[in-house]
$ cat model.pdb   # PDB, C-alpha atoms
MODEL        1
ATOM      1  CA  MET A  12     140.039 -67.420 -64.489
ATOM      2  CA  ALA A  13     136.320 -66.745 -64.194
ATOM      3  CA  MET A  14     134.690 -66.994 -60.818
ATOM      4  CA  TRP A  15     132.124 -69.713 -60.115
ATOM      5  CA  TRP A  16     129.114 -67.418 -60.310
ATOM      6  CA  PHE A  17     129.892 -66.518 -63.906
ATOM      7  CA  ASN A  18     129.953 -70.167 -64.969
ATOM      8  CA  LYS A  19     126.886 -71.543 -63.202
ATOM      9  CA  ASP A  20     123.314 -70.496 -62.672
ATOM     10  CA  LYS A  21     123.086 -72.147 -59.273
ATOM     11  CA  ARG A  22     125.671 -72.811 -56.604
ATOM     12  CA  GLU A  23     126.105 -76.427 -55.474
ATOM     13  CA  GLU A  24     125.275 -76.653 -51.785
ATOM     14  CA  VAL A  25     126.776 -79.101 -49.298
ATOM     15  CA  TRP A  26     123.390 -80.699 -48.670
ATOM     16  CA  ASP A  27     122.727 -81.195 -52.385
ATOM     17  CA  GLU A  28     125.763 -83.448 -52.823
ATOM     18  CA  ASN A  29     125.038 -87.146 -53.273
ATOM     19  CA  ILE A  30     126.183 -89.334 -50.418
ATOM     20  CA  GLN A  31     127.551 -92.731 -51.295
ATOM     21  CA  TRP A  32     125.906 -94.908 -48.660
ATOM     22  CA  PRO A  33     126.850 -96.589 -46.470
ATOM     23  CA  ILE A  34     128.952 -94.051 -44.620
ATOM     24  CA  GLY A  35     130.028 -94.424 -41.032
ATOM     25  CA  ASP A  36     128.470 -92.647 -38.085
ATOM     26  CA  ILE A  37     131.435 -90.314 -37.675
ATOM     27  CA  GLU A  38     131.343 -89.288 -41.338
ATOM     28  CA  ALA A  39     127.594 -88.724 -41.067
ATOM     29  CA  ALA A  40     128.080 -86.539 -37.977
ATOM     30  CA  HIS A  41     130.751 -84.524 -39.814
ATOM     31  CA  LYS A  42     128.411 -84.079 -42.785
ATOM     32  CA  ILE A  43     125.616 -82.820 -40.513
ATOM     33  CA  ARG A  44     127.986 -80.362 -38.835
ATOM     34  CA  GLU A  45     129.107 -79.120 -42.250
ATOM     35  CA  ILE A  46     125.495 -78.728 -43.425
ATOM     36  CA  CYS A  47     124.469 -76.843 -40.271
ATOM     37  CA  ARG A  48     127.444 -74.492 -40.486
ATOM     38  CA  SER A  49     126.827 -73.818 -44.168
ATOM     39  CA  ALA A  50     123.138 -73.068 -43.629
ATOM     40  CA  ALA A  51     123.569 -70.990 -40.470
ATOM     41  CA  ASP A  52     123.548 -67.695 -42.371
ATOM     42  CA  SER A  53     120.281 -68.549 -44.109
ATOM     43  CA  ALA A  54     118.750 -69.712 -40.827
ATOM     44  CA  GLU A  55     119.646 -66.414 -39.172
ATOM     45  CA  LYS A  56     118.155 -64.496 -42.076
ATOM     46  CA  VAL A  57     114.975 -66.591 -41.957
ATOM     47  CA  GLY A  58     114.723 -65.840 -38.231
ATOM     48  CA  GLY A  59     114.639 -62.097 -38.906
ATOM     49  CA  LEU A  60     113.010 -61.807 -42.312
ATOM     50  CA  ALA A  61     110.444 -59.117 -41.616
ATOM     51  CA  ASP A  62     112.589 -56.513 -43.352
ATOM     52  CA  ARG A  63     113.537 -58.618 -46.408
ATOM     53  CA  PRO A  64     112.010 -58.493 -49.867
ATOM     54  CA  ASP A  65     109.798 -61.447 -50.818
ATOM     55  CA  ASN A  66     112.215 -63.031 -53.306
ATOM     56  CA  LYS A  67     115.094 -62.905 -50.807
ATOM     57  CA  ARG A  68     112.839 -64.298 -48.074
ATOM     58  CA  LYS A  69     111.788 -67.200 -50.289
ATOM     59  CA  TYR A  70     115.366 -68.022 -51.331
ATOM     60  CA  GLU A  71     116.720 -68.021 -47.762
ATOM     61  CA  SER A  72     113.741 -69.991 -46.449
ATOM     62  CA  GLU A  73     114.052 -72.668 -49.127
ATOM     63  CA  ARG A  74     117.805 -72.892 -48.568
ATOM     64  CA  TYR A  75     117.357 -73.351 -44.808
ATOM     65  CA  GLU A  76     114.587 -75.926 -45.264
ATOM     66  CA  ARG A  77     116.601 -77.996 -47.756
ATOM     67  CA  ALA A  78     119.590 -78.003 -45.425
ATOM     68  CA  ALA A  79     117.565 -78.958 -42.347
ATOM     69  CA  LYS A  80     115.791 -81.737 -44.231
ATOM     70  CA  ALA A  81     119.053 -83.175 -45.558
ATOM     71  CA  ALA A  82     120.638 -83.061 -42.091
ATOM     72  CA  MET A  83     117.626 -84.815 -40.541
ATOM     73  CA  GLU A  84     117.699 -87.530 -43.205
ATOM     74  CA  ILE A  85     121.343 -88.220 -42.420
ATOM     75  CA  ALA A  86     120.798 -88.103 -38.638
ATOM     76  CA  ILE A  87     118.167 -90.835 -38.616
ATOM     77  CA  LYS A  88     120.688 -93.215 -40.168
ATOM     78  CA  ILE A  89     123.251 -92.780 -37.375
ATOM     79  CA  SER A  90     123.276 -95.878 -35.192
ATOM     80  CA  ASP A  91     125.421 -94.576 -32.309
ATOM     81  CA  ASP A  92     123.072 -92.929 -29.801
ATOM     82  CA  LEU A  93     125.500 -90.288 -28.548
ATOM     83  CA  LEU A  94     126.646 -89.252 -32.025
ATOM     84  CA  ARG A  95     123.024 -89.071 -33.169
ATOM     85  CA  ASP A  96     122.070 -86.925 -30.160
ATOM     86  CA  THR A  97     125.005 -84.605 -30.813
ATOM     87  CA  SER A  98     124.034 -84.305 -34.467
ATOM     88  CA  VAL A  99     120.392 -83.660 -33.623
ATOM     89  CA  ARG A 100     121.549 -80.944 -31.224
ATOM     90  CA  GLN A 101     123.266 -79.183 -34.113
ATOM     91  CA  ILE A 102     120.075 -79.391 -36.164
ATOM     92  CA  VAL A 103     118.069 -78.028 -33.197
ATOM     93  CA  ASN A 104     120.491 -75.084 -33.040
ATOM     94  CA  LEU A 105     119.971 -74.493 -36.764
ATOM     95  CA  CYS A 106     116.179 -74.567 -36.347
ATOM     96  CA  ALA A 107     116.354 -72.218 -33.365
ATOM     97  CA  LYS A 108     118.395 -69.715 -35.419
ATOM     98  CA  ALA A 109     115.641 -69.811 -38.025
ATOM     99  CA  ASN A 110     113.023 -69.347 -35.291
ATOM    100  CA  ASP A 111     111.518 -72.678 -36.396
ATOM    101  CA  LEU A 112     110.554 -73.633 -32.867
ATOM    102  CA  ARG A 113     108.029 -76.275 -33.910
ATOM    103  CA  THR A 114     110.713 -78.354 -35.620
ATOM    104  CA  ALA A 115     113.253 -77.583 -32.891
ATOM    105  CA  ARG A 116     110.886 -78.892 -30.195
ATOM    106  CA  ILE A 117     110.171 -82.089 -32.126
ATOM    107  CA  LEU A 118     113.876 -82.723 -32.626
ATOM    108  CA  PHE A 119     114.643 -81.813 -29.017
ATOM    109  CA  ARG A 120     112.330 -84.575 -27.818
ATOM    110  CA  ALA A 121     114.382 -87.065 -29.865
ATOM    111  CA  ILE A 122     117.538 -86.325 -27.858
ATOM    112  CA  GLN A 123     118.021 -89.070 -25.277
ATOM    113  CA  ALA A 124     121.261 -88.062 -23.528
ATOM    114  CA  VAL A 125     120.431 -86.043 -20.421
ATOM    115  CA  SER A 126     123.594 -83.917 -20.592
ATOM    116  CA  ILE A 127     122.913 -82.931 -24.206
ATOM    117  CA  ARG A 128     119.266 -82.140 -23.402
ATOM    118  CA  GLU A 129     120.398 -79.873 -20.541
ATOM    119  CA  ASP A 130     122.908 -78.105 -22.788
ATOM    120  CA  VAL A 131     120.223 -77.503 -25.414
ATOM    121  CA  LEU A 132     117.860 -76.105 -22.772
ATOM    122  CA  ASN A 133     120.620 -73.812 -21.486
ATOM    123  CA  ASP A 134     121.201 -72.534 -25.025
ATOM    124  CA  HIS A 135     117.504 -72.335 -25.944
ATOM    125  CA  PRO A 136     115.310 -71.924 -22.837
ATOM    126  CA  VAL A 137     112.259 -71.384 -25.047
ATOM    127  CA  LEU A 138     112.256 -75.160 -25.707
ATOM    128  CA  ARG A 139     111.289 -75.824 -22.067
ATOM    129  CA  GLN A 140     107.631 -75.188 -22.890
TER
ENDMDL
END
$ encode --input "model.pdb" --output "structure tokens"
Amino acid sequence: MAMWWFNKDKREEVWDENIQWPIGDIEAAHKIREICRSAADSAEKVGGLADRPDNKRKYESERYERAAKAAMEIAIKISDDLLRDTSVRQIVNLCAKANDLRTARILFRAIQAVSIREDVLNDHPVLRQ
């Protein structure tokens, strides 16, 4: 049996999958968690890309950006405030790994739950500014 990389030019990513709307808030939160976990390696690489070749830098950056965008698009459709705040926290963590502090700060301001805001600030004190 051939492995997937011999049969395809491009790997299907979690965030590229079509979502059959409407989905519930819990399913949306699970999807965001899955996206953030899948893109964490690219986000970490984007955060420390000074030593990477240009083509690798571009690939990892595009992969991170597609994942973050997809997660944000799902998060805005979550109606439950606490689930949305928890999901946005995961996206903030992803952005912080990528050293994308501009996006992380914008998303941080969208978190309404005080306890979640405090947890995010404990994890990422740079967002206090």
$ closest_residue --input "model.pdb" --among "A:Lys56, A:Arg120, A:Arg48, A:His135" --to "Ala107 in chain A" --atoms "only C-alpha atoms"
A:His135
$ closest_residue --input "model.pdb" --among "A:Val99, A:Ala40, A:Ala78, A:Leu105" --to "Gly58 in chain A" --atoms "all atoms listed in the file"
A:Leu105
$ residues_around --input "model.pdb" --residues "Asp134 in chain A" --least-positions-apart "6" --cutoff "12 Å" --atoms "only C-alpha atoms" --output "PyMOL selection string"
chain A and resi 100-101+103-105+107-108+127-128
$ residues_around --input "model.pdb" --residues "Gly59 in chain A" --least-positions-apart "4" --cutoff "9 Å" --atoms "only C-alpha atoms" --output "ChimeraX atom specification"
/A:54-55,63,109-110
$ write_last_selection --input "model.pdb" --atoms "C-alpha atoms" --output "mmCIF file, keeping the file's coordinate frame"
data_model
loop_
_atom_site.group_PDB
_atom_site.id
_atom_site.type_symbol
_atom_site.label_atom_id
_atom_site.label_comp_id
_atom_site.auth_asym_id
_atom_site.auth_seq_id
_atom_site.Cartn_x
_atom_site.Cartn_y
_atom_site.Cartn_z
ATOM 1 C CA ALA A 54 118.750 -69.712 -40.827
ATOM 2 C CA GLU A 55 119.646 -66.414 -39.172
ATOM 3 C CA ARG A 63 113.537 -58.618 -46.408
ATOM 4 C CA ALA A 109 115.641 -69.811 -38.025
ATOM 5 C CA ASN A 110 113.023 -69.347 -35.291
#
$ axis_aligned_box --input "model.pdb" --around "range 105-117 of chain A" --padding-each-side "5 Å" --output "JSON"
{"center_x": 114.0, "center_y": -75.7, "center_z": -34.1, "size_x": 21.9, "size_y": 22.7, "size_z": 17.8}
$ residues_around --input "model.pdb" --residues "Glu84 in chain A" --least-positions-apart "4" --cutoff "12 Å" --atoms "all atoms listed in the file" --output "short mmCIF file (atom, residue, chain, number, x, y, z; two decimals) with C-alpha atoms, in the coordinates of the input"
data_model
loop_
_atom_site.label_atom_id
_atom_site.label_comp_id
_atom_site.auth_asym_id
_atom_site.auth_seq_id
_atom_site.Cartn_x
_atom_site.Cartn_y
_atom_site.Cartn_z
CA TRP A 26 123.39 -80.70 -48.67
CA ILE A 30 126.18 -89.33 -50.42
CA ALA A 39 127.59 -88.72 -41.07
CA ALA A 40 128.08 -86.54 -37.98
CA LYS A 42 128.41 -84.08 -42.78
CA ILE A 43 125.62 -82.82 -40.51
CA ILE A 46 125.50 -78.73 -43.42
CA ARG A 77 116.60 -78.00 -47.76
CA ALA A 78 119.59 -78.00 -45.42
CA ALA A 79 117.56 -78.96 -42.35
CA LYS A 80 115.79 -81.74 -44.23
CA LYS A 88 120.69 -93.22 -40.17
CA ILE A 89 123.25 -92.78 -37.38
CA ARG A 95 123.02 -89.07 -33.17
CA SER A 98 124.03 -84.30 -34.47
CA VAL A 99 120.39 -83.66 -33.62
CA ILE A 102 120.08 -79.39 -36.16
#
$ atom_distance --input "model.pdb" --atom1 "CA of Arg113 in chain A" --atom2 "CA of Lys67 in chain A"
22.7 Å
$ atom_distance --input "model.pdb" --atom1 "CA of Cys47 in chain A" --atom2 "CA of Ile34 in chain A"
18.3 Å
$ atom_distance --input "model.pdb" --atom1 "CA of Asp111 in chain A" --atom2 "CA of Glu129 in chain A"
19.5 Å
$ closest_residue --input "model.pdb" --among "A:Ser90, A:Gln123, A:Asn133, A:Ser49" --to "Tyr75 in chain A" --atoms "only C-alpha atoms"
A:Ser49
